[in-house]
Structure formats: C-alpha cells, structure tokens
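Input: a single structure, listed below in structure tokens.
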Amino acid sequence: MATELVLLGTAGAPMPVPGRGGISSALIVAGRVFVVDCGRGSPSAFAAAGLDFDRLDAVFLTHLHADHIGDLPGLLLYPWGVRTDGHGPLAPVRVYGPSRPGALPAGDAVFHRQTTICPEQPAPGTADLVAHILAGYAYHLNVMPLDSHMPDAGALVRATDIAVPARWPDRSPVPVVVVDDEAVLVTAVAVTHGRAVPALAYRFDTADGSVVFSGDTSVNEDLIALAQGADILVHQVADLSYLRRHGMDDAELARMAALHTDVSQVGGVAERAGVRELILSHYLPAEPDAVTEAEWAERAGAGFSGITTAGRDGLRRTLAPQHLRRPVMSAPEVASTAD
Ligand SMILES: [Zn+2]
C-alpha cells in the first residue's frame, strides 16, 4: 500500500477566500490517515478527497494560529459517529502540536494587544486547546448519545504537547521524535514564525519515502536540515512584492518577512535541502487569481534543480515503494582525518 499525499487546502491566512480551502494536508500511510493542520474546510476537503474518517489516525498542528486549527473541532466532532467498529470506540484520534509557550509574547508600540483574552491562561498549548474544544462542545458530547448511538465520547481524542528543547546557538537541533511505529517516523523541529512560538515543521518517513511540511516559517536552517533528501517538501509561500503593491506598508512588510518565506527564497530552501519535489502551499495572497499557478511555480523554482509544483486543493502525489525506485548513488565516504 503506497504512501499518498493529498493537499486538502492551500490558502494562507485566516481570511476566507473563494477558490481555496484553508491550509490542511493529508498523508495516507498504510491505510492510516494523518492530517497536518486543520484550516477552514478541512473536514469537507477530507471527505471530498475520498478519505475515510474511520481511518483518521492523528492530527499534527504546526502552530496555533486560527488558519491552521479553525476546523479542528469539526474534524474531531463531525465524524464522531463513525469512530466505532461496532464493538466499541476506535482508538482515539491523536492530536499533536505545540506546547504552551514559556511566556505570553509581548508586543511593541506599533503592534500590540489591547485586551488580553483569558488572562488566567492567555497562551494555551495543544492539550489545552483540545480540552477547551471538548468543554465547549460538552452539550453535544453529553446529549447527543441520548438520541443516537454514539461511541464513548471519552475515547474520541487524545492530545499531546510536543516539547521542543531550547535551541543552542550555532548548533542544529536534533529533531523531536513525535511518532515512531512500524509504518511511520514523524519528527519535528521548531521554525520561525514571528511571535508564534513554538511553531513546528514535520517530517514523515515511511517505507515509500519522505514528506516534509514546513508549517509557516521564514527561511529556517533547522527546517532545511530536517528536510535533507526528502522526496517532497510541502512549503508555504508568500509574495511580498504583491503585498507591497497592494498597500502593505513597510512596518507590515517587515512583520511579514519575519513570518513567511518569500517566493524568491523558497527555491533556495528546496535546493539546499536537496529535496526531489517542492510543492507550494499556504499561499499569500491566497486568492487563486491573484497570482497564477504558472507564475508561482516559475518564480519559486528559480534556483531549484528539482521539480517545483504549484499546489492546489486536491492535488495528490503517490510515493512509490522504495524497492520500485531507482537506487540513489551516494558519495563515497571520506575517512575522517580529524585528530
Ligand atoms: Zn498560516
């Protein structure tokens, strides 16, 4: 059974736009479905892609901005009824994502918050988020089983915060192992997404190959290290020159540059990572007619010797089993002369 990637949604930023769903991707490994981010429309896109909700195994959140988690409640709650094999509930959907940050980030004179929402817990982590979803939907979870056969709500979901160790200057971090079982190894590193700390990138290694999801990040050395030699790098992309032409001022653009990788930079990231295919996603601007797919691919592919693909909602890639692939010639090992 091959590993398959499906882009469920490719829009960046929370604002809904016609023609693109919010950021979300699925990776099917040995019949199990892993979802990375749950942006707007993710559950509907999951169904439209022909995926089975009773095969949903785990969800990986890159960070806790709304465009990445807005439809997590739906992804958990809409298919609740099928999360059973007739004898009892299926294993809970696992949700992995960032832990609580050490402290609530502060702003500055230009960009700052006025009201702090939920001051007793102003920066929840992934486990907090899932607990709040269950609490917020307690009516549904407690009352619906009285009128309809439902699996035990207590078995619906398990959330895990991913603890990313503090980074040492000038030293590449060892990726955190998130999942390691017979079918898939999932590892993560922290990336750089403005004040959204921690923000994560994920790498999935399977018997068929490897796929890396950048999450939202400016150019990040640890992501480049994580993605070394991957078959596919699904990378966010922004066109800062477009945003400038459409009214973004210098202060906002400087923020954007700290949040995102520009279209002029992403090919260099893919080249340095040595990936086989770069697939663009999480577009800014998100409107499909703002920048054509051909233009995205051409500009992003500059400086990249592999394949550059402008991702779109519903795009699929199948990774061939390793034994069907051409063996990769590796450079002969050089004996160390260090003493
Ligand atoms: Zn985003």
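In the structure tokens, chains take the letters A, B, ... in the order shown, each chain's residues start at 1, and ligands count up from 1 in the order shown.
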
DSSP says helix (DSSP H, G or I) for which residues of range 145-332 of chain A? Put them as a PyMOL selection string? chain A and resi 145-146+153-155+221-226+240-245+250-259+263-273+293-300+322-324

I need the chosen residues saved as a compact mmCIF listing (two decimals), in the first residue's frame, with N, CA and C atoms.
```
# COMPACT_ATOMS: atom_id res chain seq x y z
N PRO A 145 -25.59 11.41 22.63
CA PRO A 145 -25.69 9.96 22.85
C PRO A 145 -27.04 9.52 23.42
N LEU A 146 -27.88 10.46 23.88
CA LEU A 146 -29.19 10.09 24.40
C LEU A 146 -30.20 9.87 23.28
N ALA A 153 -17.73 9.18 24.22
CA ALA A 153 -17.06 10.45 23.95
C ALA A 153 -15.68 10.52 24.61
N GLY A 154 -15.52 9.75 25.67
CA GLY A 154 -14.23 9.76 26.36
C GLY A 154 -13.12 9.14 25.54
N ALA A 155 -13.49 8.44 24.47
CA ALA A 155 -12.47 7.80 23.61
C ALA A 155 -12.24 8.56 22.32
N GLU A 221 17.09 27.46 8.97
CA GLU A 221 18.16 26.47 8.79
C GLU A 221 17.76 25.10 9.36
N ASP A 222 17.02 25.10 10.42
CA ASP A 222 16.64 23.82 11.04
C ASP A 222 15.64 23.07 10.17
N LEU A 223 14.77 23.82 9.49
CA LEU A 223 13.87 23.18 8.53
C LEU A 223 14.68 22.59 7.37
N ILE A 224 15.65 23.34 6.88
CA ILE A 224 16.49 22.85 5.78
C ILE A 224 17.20 21.56 6.21
N ALA A 225 17.68 21.52 7.44
CA ALA A 225 18.33 20.31 7.94
C ALA A 225 17.32 19.17 8.06
N LEU A 226 16.13 19.47 8.55
CA LEU A 226 15.09 18.44 8.71
C LEU A 226 14.71 17.83 7.37
N LEU A 240 5.74 38.79 -1.23
CA LEU A 240 5.78 40.06 -0.50
C LEU A 240 5.70 41.25 -1.45
N SER A 241 6.21 41.10 -2.67
CA SER A 241 6.13 42.22 -3.62
C SER A 241 4.67 42.48 -4.01
N TYR A 242 3.88 41.42 -4.11
CA TYR A 242 2.44 41.58 -4.39
C TYR A 242 1.78 42.33 -3.23
N LEU A 243 2.13 41.93 -2.01
CA LEU A 243 1.51 42.58 -0.85
C LEU A 243 1.91 44.05 -0.79
N ARG A 244 3.16 44.35 -1.18
CA ARG A 244 3.60 45.76 -1.21
C ARG A 244 2.80 46.54 -2.25
N ARG A 245 2.64 45.95 -3.41
CA ARG A 245 1.90 46.64 -4.48
C ARG A 245 0.44 46.85 -4.10
N ASP A 250 5.66 49.52 5.07
CA ASP A 250 6.97 48.94 5.41
C ASP A 250 6.94 48.18 6.73
N ALA A 251 6.24 48.75 7.70
CA ALA A 251 6.20 48.08 9.02
C ALA A 251 5.51 46.73 8.90
N GLU A 252 4.41 46.67 8.17
CA GLU A 252 3.70 45.40 8.00
C GLU A 252 4.53 44.42 7.19
N LEU A 253 5.21 44.92 6.16
CA LEU A 253 6.04 44.04 5.35
C LEU A 253 7.20 43.45 6.15
N ALA A 254 7.77 44.26 7.03
CA ALA A 254 8.85 43.74 7.88
C ALA A 254 8.33 42.61 8.75
N ARG A 255 7.10 42.75 9.26
CA ARG A 255 6.49 41.67 10.04
C ARG A 255 6.31 40.43 9.17
N MET A 256 5.79 40.66 7.98
CA MET A 256 5.54 39.54 7.07
C MET A 256 6.82 38.77 6.77
N ALA A 257 7.91 39.52 6.60
CA ALA A 257 9.18 38.87 6.27
C ALA A 257 9.69 38.02 7.44
N ALA A 258 9.27 38.36 8.66
CA ALA A 258 9.66 37.56 9.83
C ALA A 258 8.71 36.37 10.03
N LEU A 259 7.61 36.40 9.31
CA LEU A 259 6.60 35.34 9.46
C LEU A 259 6.71 34.27 8.36
N VAL A 263 8.44 34.06 -2.08
CA VAL A 263 8.53 33.23 -3.29
C VAL A 263 9.93 33.27 -3.88
N SER A 264 10.66 34.35 -3.66
CA SER A 264 12.02 34.45 -4.19
C SER A 264 13.02 33.63 -3.38
N GLN A 265 12.60 33.14 -2.22
CA GLN A 265 13.52 32.42 -1.32
C GLN A 265 13.27 30.92 -1.27
N VAL A 266 12.06 30.50 -1.60
CA VAL A 266 11.68 29.12 -1.30
C VAL A 266 12.43 28.11 -2.17
N GLY A 267 12.77 28.49 -3.42
CA GLY A 267 13.55 27.59 -4.27
C GLY A 267 14.93 27.32 -3.68
N GLY A 268 15.52 28.34 -3.11
CA GLY A 268 16.82 28.17 -2.46
C GLY A 268 16.73 27.24 -1.26
N VAL A 269 15.65 27.32 -0.53
CA VAL A 269 15.43 26.41 0.61
C VAL A 269 15.38 24.97 0.10
N ALA A 270 14.59 24.75 -0.96
CA ALA A 270 14.44 23.39 -1.50
C ALA A 270 15.77 22.88 -2.05
N GLU A 271 16.52 23.77 -2.70
CA GLU A 271 17.81 23.36 -3.27
C GLU A 271 18.77 22.93 -2.15
N ARG A 272 18.85 23.76 -1.13
CA ARG A 272 19.78 23.44 -0.04
C ARG A 272 19.35 22.18 0.71
N ALA A 273 18.05 21.93 0.74
CA ALA A 273 17.57 20.71 1.40
C ALA A 273 17.77 19.49 0.51
N GLU A 293 -0.91 29.96 -11.07
CA GLU A 293 -0.09 28.81 -10.67
C GLU A 293 1.23 28.79 -11.44
N ALA A 294 1.15 29.13 -12.72
CA ALA A 294 2.38 29.10 -13.54
C ALA A 294 3.40 30.11 -13.01
N GLU A 295 2.91 31.28 -12.61
CA GLU A 295 3.83 32.29 -12.10
C GLU A 295 4.41 31.88 -10.74
N TRP A 296 3.55 31.34 -9.87
CA TRP A 296 4.07 30.86 -8.58
C TRP A 296 5.19 29.85 -8.82
N ALA A 297 4.92 28.86 -9.68
CA ALA A 297 5.89 27.78 -9.89
C ALA A 297 7.18 28.30 -10.52
N GLU A 298 7.03 29.20 -11.48
CA GLU A 298 8.21 29.71 -12.17
C GLU A 298 9.09 30.52 -11.22
N ARG A 299 8.47 31.41 -10.48
CA ARG A 299 9.27 32.25 -9.57
C ARG A 299 9.84 31.44 -8.41
N ALA A 300 9.03 30.52 -7.86
CA ALA A 300 9.51 29.73 -6.72
C ALA A 300 10.61 28.77 -7.14
N GLN A 322 9.96 1.84 -1.96
CA GLN A 322 11.39 2.00 -2.17
C GLN A 322 11.97 0.98 -3.14
N HIS A 323 11.44 -0.27 -3.11
CA HIS A 323 12.05 -1.29 -3.95
C HIS A 323 11.75 -1.07 -5.44
N LEU A 324 10.79 -0.17 -5.73
CA LEU A 324 10.49 0.12 -7.13
C LEU A 324 11.26 1.34 -7.63
```

Taking only residues of chain A that have an atom at most 12 Å from an atom of ligand 1, what is each one's shortest atom pair and its distance in Å to one decimal, using only C-alpha atoms and all ligand atoms, in chain and number order, as a Markdown table?
```
| residue | atom | partner | partner_atom_place_in_ligand_line | distance |
| --- | --- | --- | --- | --- |
| A:Gly9 | CA | ligand 1 | 1 (Zn) | 11.5 |
| A:Thr10 | CA | ligand 1 | 1 (Zn) | 9.9 |
| A:Ala11 | CA | ligand 1 | 1 (Zn) | 8.2 |
| A:Gly12 | CA | ligand 1 | 1 (Zn) | 5.1 |
| A:Ala13 | CA | ligand 1 | 1 (Zn) | 4.9 |
| A:Pro14 | CA | ligand 1 | 1 (Zn) | 7.2 |
| A:Met15 | CA | ligand 1 | 1 (Zn) | 10.4 |
| A:Gly22 | CA | ligand 1 | 1 (Zn) | 8.8 |
| A:Ile23 | CA | ligand 1 | 1 (Zn) | 7.2 |
| A:Ser24 | CA | ligand 1 | 1 (Zn) | 10.1 |
| A:Asp37 | CA | ligand 1 | 1 (Zn) | 9.4 |
| A:Cys38 | CA | ligand 1 | 1 (Zn) | 10.6 |
| A:Gly39 | CA | ligand 1 | 1 (Zn) | 8.7 |
| A:Arg40 | CA | ligand 1 | 1 (Zn) | 11.2 |
| A:Leu61 | CA | ligand 1 | 1 (Zn) | 10.9 |
| A:Thr62 | CA | ligand 1 | 1 (Zn) | 9.0 |
| A:His63 | CA | ligand 1 | 1 (Zn) | 8.3 |
| A:Leu64 | CA | ligand 1 | 1 (Zn) | 9.1 |
| A:His65 | CA | ligand 1 | 1 (Zn) | 6.6 |
| A:Ala66 | CA | ligand 1 | 1 (Zn) | 7.8 |
| A:Asp67 | CA | ligand 1 | 1 (Zn) | 5.4 |
| A:His68 | CA | ligand 1 | 1 (Zn) | 6.0 |
| A:Ile69 | CA | ligand 1 | 1 (Zn) | 9.5 |
| A:Gly70 | CA | ligand 1 | 1 (Zn) | 11.0 |
| A:His193 | CA | ligand 1 | 1 (Zn) | 9.0 |
| A:Gly194 | CA | ligand 1 | 1 (Zn) | 11.2 |
| A:Ala196 | CA | ligand 1 | 1 (Zn) | 10.2 |
| A:Ala199 | CA | ligand 1 | 1 (Zn) | 10.3 |
| A:Leu200 | CA | ligand 1 | 1 (Zn) | 11.7 |
| A:Ser214 | CA | ligand 1 | 1 (Zn) | 10.7 |
| A:Gly215 | CA | ligand 1 | 1 (Zn) | 7.5 |
| A:Asp216 | CA | ligand 1 | 1 (Zn) | 5.6 |
| A:Thr217 | CA | ligand 1 | 1 (Zn) | 9.0 |
| A:Ser218 | CA | ligand 1 | 1 (Zn) | 11.7 |
| A:His235 | CA | ligand 1 | 1 (Zn) | 11.3 |
| A:Gln236 | CA | ligand 1 | 1 (Zn) | 8.3 |
| A:Val237 | CA | ligand 1 | 1 (Zn) | 10.1 |
| A:Ala238 | CA | ligand 1 | 1 (Zn) | 10.5 |
| A:Met256 | CA | ligand 1 | 1 (Zn) | 11.2 |
| A:Leu259 | CA | ligand 1 | 1 (Zn) | 9.0 |
| A:His260 | CA | ligand 1 | 1 (Zn) | 8.8 |
| A:Thr261 | CA | ligand 1 | 1 (Zn) | 11.5 |
| A:Ser281 | CA | ligand 1 | 1 (Zn) | 10.2 |
| A:His282 | CA | ligand 1 | 1 (Zn) | 6.7 |
| A:Tyr283 | CA | ligand 1 | 1 (Zn) | 8.9 |
| A:Leu284 | CA | ligand 1 | 1 (Zn) | 9.1 |
| A:Pro285 | CA | ligand 1 | 1 (Zn) | 11.4 |
| A:Ala286 | CA | ligand 1 | 1 (Zn) | 10.6 |
```

Written file, previous selection with N, CA and C atoms, as a short mmCIF file (atom, residue, chain, number, x, y, z; two decimals), in the first residue's frame:
```cif
data_model
loop_
_atom_site.label_atom_id
_atom_site.label_comp_id
_atom_site.auth_asym_id
_atom_site.auth_seq_id
_atom_site.Cartn_x
_atom_site.Cartn_y
_atom_site.Cartn_z
N GLY A 9 -6.23 21.75 1.54
CA GLY A 9 -6.45 23.19 1.41
C GLY A 9 -5.12 23.90 1.33
N THR A 10 -5.06 24.97 0.56
CA THR A 10 -3.77 25.59 0.26
C THR A 10 -3.74 27.10 0.52
N ALA A 11 -4.76 27.63 1.17
CA ALA A 11 -4.79 29.08 1.41
C ALA A 11 -4.00 29.43 2.66
N GLY A 12 -3.30 30.54 2.60
CA GLY A 12 -2.65 31.10 3.78
C GLY A 12 -3.52 32.18 4.39
N ALA A 13 -3.34 32.40 5.68
CA ALA A 13 -4.01 33.45 6.45
C ALA A 13 -5.47 33.08 6.75
N PRO A 14 -6.01 33.64 7.82
CA PRO A 14 -7.36 33.23 8.25
C PRO A 14 -8.50 33.68 7.34
N MET A 15 -8.37 34.78 6.64
CA MET A 15 -9.50 35.32 5.87
C MET A 15 -9.97 34.34 4.79
N GLY A 22 -8.78 26.43 3.48
CA GLY A 22 -7.73 26.77 4.45
C GLY A 22 -6.68 25.68 4.52
N ILE A 23 -5.52 26.06 5.03
CA ILE A 23 -4.37 25.16 4.97
C ILE A 23 -4.63 23.84 5.71
N SER A 24 -4.42 22.75 5.00
CA SER A 24 -4.58 21.41 5.57
C SER A 24 -4.03 20.42 4.55
N ASP A 37 -2.39 20.14 10.02
CA ASP A 37 -3.16 21.38 10.11
C ASP A 37 -4.61 21.19 9.66
N CYS A 38 -5.48 21.96 10.28
CA CYS A 38 -6.94 21.83 10.05
C CYS A 38 -7.53 23.20 9.81
N GLY A 39 -7.17 23.79 8.70
CA GLY A 39 -7.73 25.09 8.35
C GLY A 39 -9.16 24.99 7.87
N ARG A 40 -9.67 26.12 7.44
CA ARG A 40 -11.06 26.26 7.02
C ARG A 40 -11.43 25.24 5.95
N LEU A 61 -0.49 19.63 14.37
CA LEU A 61 -0.68 21.07 14.23
C LEU A 61 0.69 21.73 14.18
N THR A 62 0.89 22.59 13.18
CA THR A 62 2.19 23.26 13.10
C THR A 62 2.27 24.42 14.09
N HIS A 63 1.18 25.13 14.26
CA HIS A 63 1.10 26.18 15.30
C HIS A 63 -0.36 26.52 15.51
N LEU A 64 -0.62 27.39 16.45
CA LEU A 64 -1.99 27.55 16.93
C LEU A 64 -2.66 28.82 16.41
N HIS A 65 -2.23 29.35 15.28
CA HIS A 65 -2.99 30.40 14.60
C HIS A 65 -4.27 29.79 14.02
N ALA A 66 -5.32 30.63 13.95
CA ALA A 66 -6.64 30.12 13.57
C ALA A 66 -6.66 29.50 12.18
N ASP A 67 -5.85 30.02 11.24
CA ASP A 67 -5.90 29.44 9.90
C ASP A 67 -5.40 27.99 9.86
N HIS A 68 -4.74 27.54 10.94
CA HIS A 68 -4.22 26.17 10.99
C HIS A 68 -5.04 25.24 11.88
N ILE A 69 -5.92 25.83 12.70
CA ILE A 69 -6.64 24.99 13.67
C ILE A 69 -8.15 25.24 13.67
N GLY A 70 -8.62 26.16 12.82
CA GLY A 70 -10.01 26.59 12.90
C GLY A 70 -11.02 25.47 12.75
N HIS A 193 8.27 31.79 13.04
CA HIS A 193 7.03 32.37 12.51
C HIS A 193 6.62 33.55 13.39
N GLY A 194 7.42 34.61 13.29
CA GLY A 194 7.14 35.80 14.08
C GLY A 194 7.08 35.47 15.56
N ALA A 196 4.79 33.66 16.92
CA ALA A 196 4.10 32.39 17.16
C ALA A 196 5.14 31.35 17.57
N ALA A 199 6.45 27.27 16.83
CA ALA A 199 5.84 26.85 15.57
C ALA A 199 6.70 25.70 15.05
N LEU A 200 6.07 24.72 14.44
CA LEU A 200 6.77 23.48 14.12
C LEU A 200 6.71 23.14 12.64
N SER A 214 6.51 22.35 5.91
CA SER A 214 7.28 23.46 6.51
C SER A 214 6.53 24.14 7.64
N GLY A 215 5.18 24.03 7.66
CA GLY A 215 4.44 24.96 8.50
C GLY A 215 4.68 26.37 8.00
N ASP A 216 4.42 27.34 8.83
CA ASP A 216 4.67 28.74 8.45
C ASP A 216 6.02 29.15 9.03
N THR A 217 6.89 29.64 8.18
CA THR A 217 8.22 30.00 8.68
C THR A 217 8.92 30.94 7.72
N SER A 218 9.77 31.80 8.28
CA SER A 218 10.75 32.48 7.44
C SER A 218 11.82 31.45 7.10
N HIS A 235 5.84 23.36 1.08
CA HIS A 235 6.35 24.58 1.72
C HIS A 235 5.39 25.74 1.49
N GLN A 236 5.19 26.51 2.53
CA GLN A 236 4.39 27.73 2.42
C GLN A 236 5.11 28.74 1.53
N VAL A 237 4.33 29.66 0.96
CA VAL A 237 4.94 30.65 0.09
C VAL A 237 4.15 31.95 0.17
N ALA A 238 4.89 33.05 0.13
CA ALA A 238 4.27 34.38 0.15
C ALA A 238 4.90 35.22 -0.95
N MET A 256 5.79 40.66 7.98
CA MET A 256 5.54 39.54 7.07
C MET A 256 6.82 38.77 6.77
N LEU A 259 7.61 36.40 9.31
CA LEU A 259 6.60 35.34 9.46
C LEU A 259 6.71 34.27 8.36
N HIS A 260 7.10 34.70 7.16
CA HIS A 260 6.92 33.83 5.99
C HIS A 260 8.15 33.81 5.09
N THR A 261 8.24 32.75 4.29
CA THR A 261 9.27 32.62 3.27
C THR A 261 8.72 33.17 1.97
N SER A 281 2.34 25.60 -1.09
CA SER A 281 1.04 25.62 -0.44
C SER A 281 1.00 26.85 0.47
N HIS A 282 -0.13 27.00 1.17
CA HIS A 282 -0.30 28.14 2.09
C HIS A 282 0.10 29.44 1.39
N TYR A 283 -0.66 29.76 0.35
CA TYR A 283 -0.34 30.92 -0.49
C TYR A 283 -0.76 32.23 0.17
N LEU A 284 0.10 33.20 0.04
CA LEU A 284 -0.20 34.60 0.39
C LEU A 284 0.26 35.46 -0.77
N PRO A 285 -0.61 36.10 -1.50
CA PRO A 285 -2.06 36.15 -1.33
C PRO A 285 -2.70 34.80 -1.65
N ALA A 286 -3.85 34.55 -0.99
CA ALA A 286 -4.49 33.25 -1.11
C ALA A 286 -5.43 33.15 -2.31
#
```

From the DSSP assignment of the backbone, select every residue of range 104-274 of chain A that is strand (DSSP E or B), and format the answer as number ranges by chain. A: 157-162, 176-180, 185-191, 199-206, 209-213, 232-238, 262

Keeping only C-alpha atoms, write the selected residues to a file as a tab-separated table (two decimals), in the first residue's frame.
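Listing of selection02.tsv after writing:
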```
chain	number	residue	atom	x	y	z
A	157	VAL	CA	-9.36	12.21	21.18
A	158	ARG	CA	-6.03	12.31	22.97
A	159	ALA	CA	-3.85	15.40	22.73
A	160	THR	CA	-0.12	15.60	23.24
A	161	ASP	CA	2.02	18.71	23.53
A	162	ILE	CA	5.33	18.43	21.70
A	176	VAL	CA	11.99	15.66	18.24
A	177	VAL	CA	10.53	12.22	17.61
A	178	VAL	CA	6.75	12.63	17.67
A	179	VAL	CA	5.60	9.23	16.38
A	180	ASP	CA	7.73	6.16	15.72
A	185	LEU	CA	8.51	8.02	11.79
A	186	VAL	CA	7.37	11.58	12.44
A	187	THR	CA	9.91	14.13	13.59
A	188	ALA	CA	9.62	17.85	14.23
A	189	VAL	CA	11.74	20.95	14.64
A	190	ALA	CA	10.85	24.46	15.70
A	191	VAL	CA	10.69	27.02	12.91
A	199	ALA	CA	5.84	26.85	15.57
A	200	LEU	CA	6.77	23.48	14.12
A	201	ALA	CA	7.71	21.74	10.89
A	202	TYR	CA	7.16	17.99	10.50
A	203	ARG	CA	8.91	15.25	8.57
A	204	PHE	CA	7.23	11.92	7.80
A	205	ASP	CA	9.47	9.00	6.85
A	206	THR	CA	7.74	5.88	5.54
A	209	GLY	CA	9.66	7.82	1.01
A	210	SER	CA	9.58	11.04	2.96
A	211	VAL	CA	7.43	14.16	3.03
A	212	VAL	CA	8.20	17.35	4.94
A	213	PHE	CA	5.71	20.07	5.86
A	232	ILE	CA	8.62	16.04	-1.20
A	233	LEU	CA	8.79	19.35	0.64
A	234	VAL	CA	5.38	20.99	1.05
A	235	HIS	CA	6.35	24.58	1.72
A	236	GLN	CA	4.39	27.73	2.42
A	237	VAL	CA	4.94	30.65	0.09
A	238	ALA	CA	4.27	34.38	0.15
A	262	ASP	CA	9.00	34.74	0.16
```

Distance query Tyr137 in chain A at most 12 Å, only C-alpha atoms, self and fewer than 4 positions along chain excluded, as number ranges by chain: A: 73-74, 76-78, 130-133, 141-144, 153

Any idea what's packed within 7 Å of Leu7 in chain A, counting only C-alpha atoms, ignoring anything in its chain fewer than 3 positions away? Could you give it as a PyMOL selection string? chain A and resi 10+24-26+312-316

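Reported to one decimal place, the separation of CA of Thr308 in chain A from CA of Leu56 in chain A is 28.8 Å.
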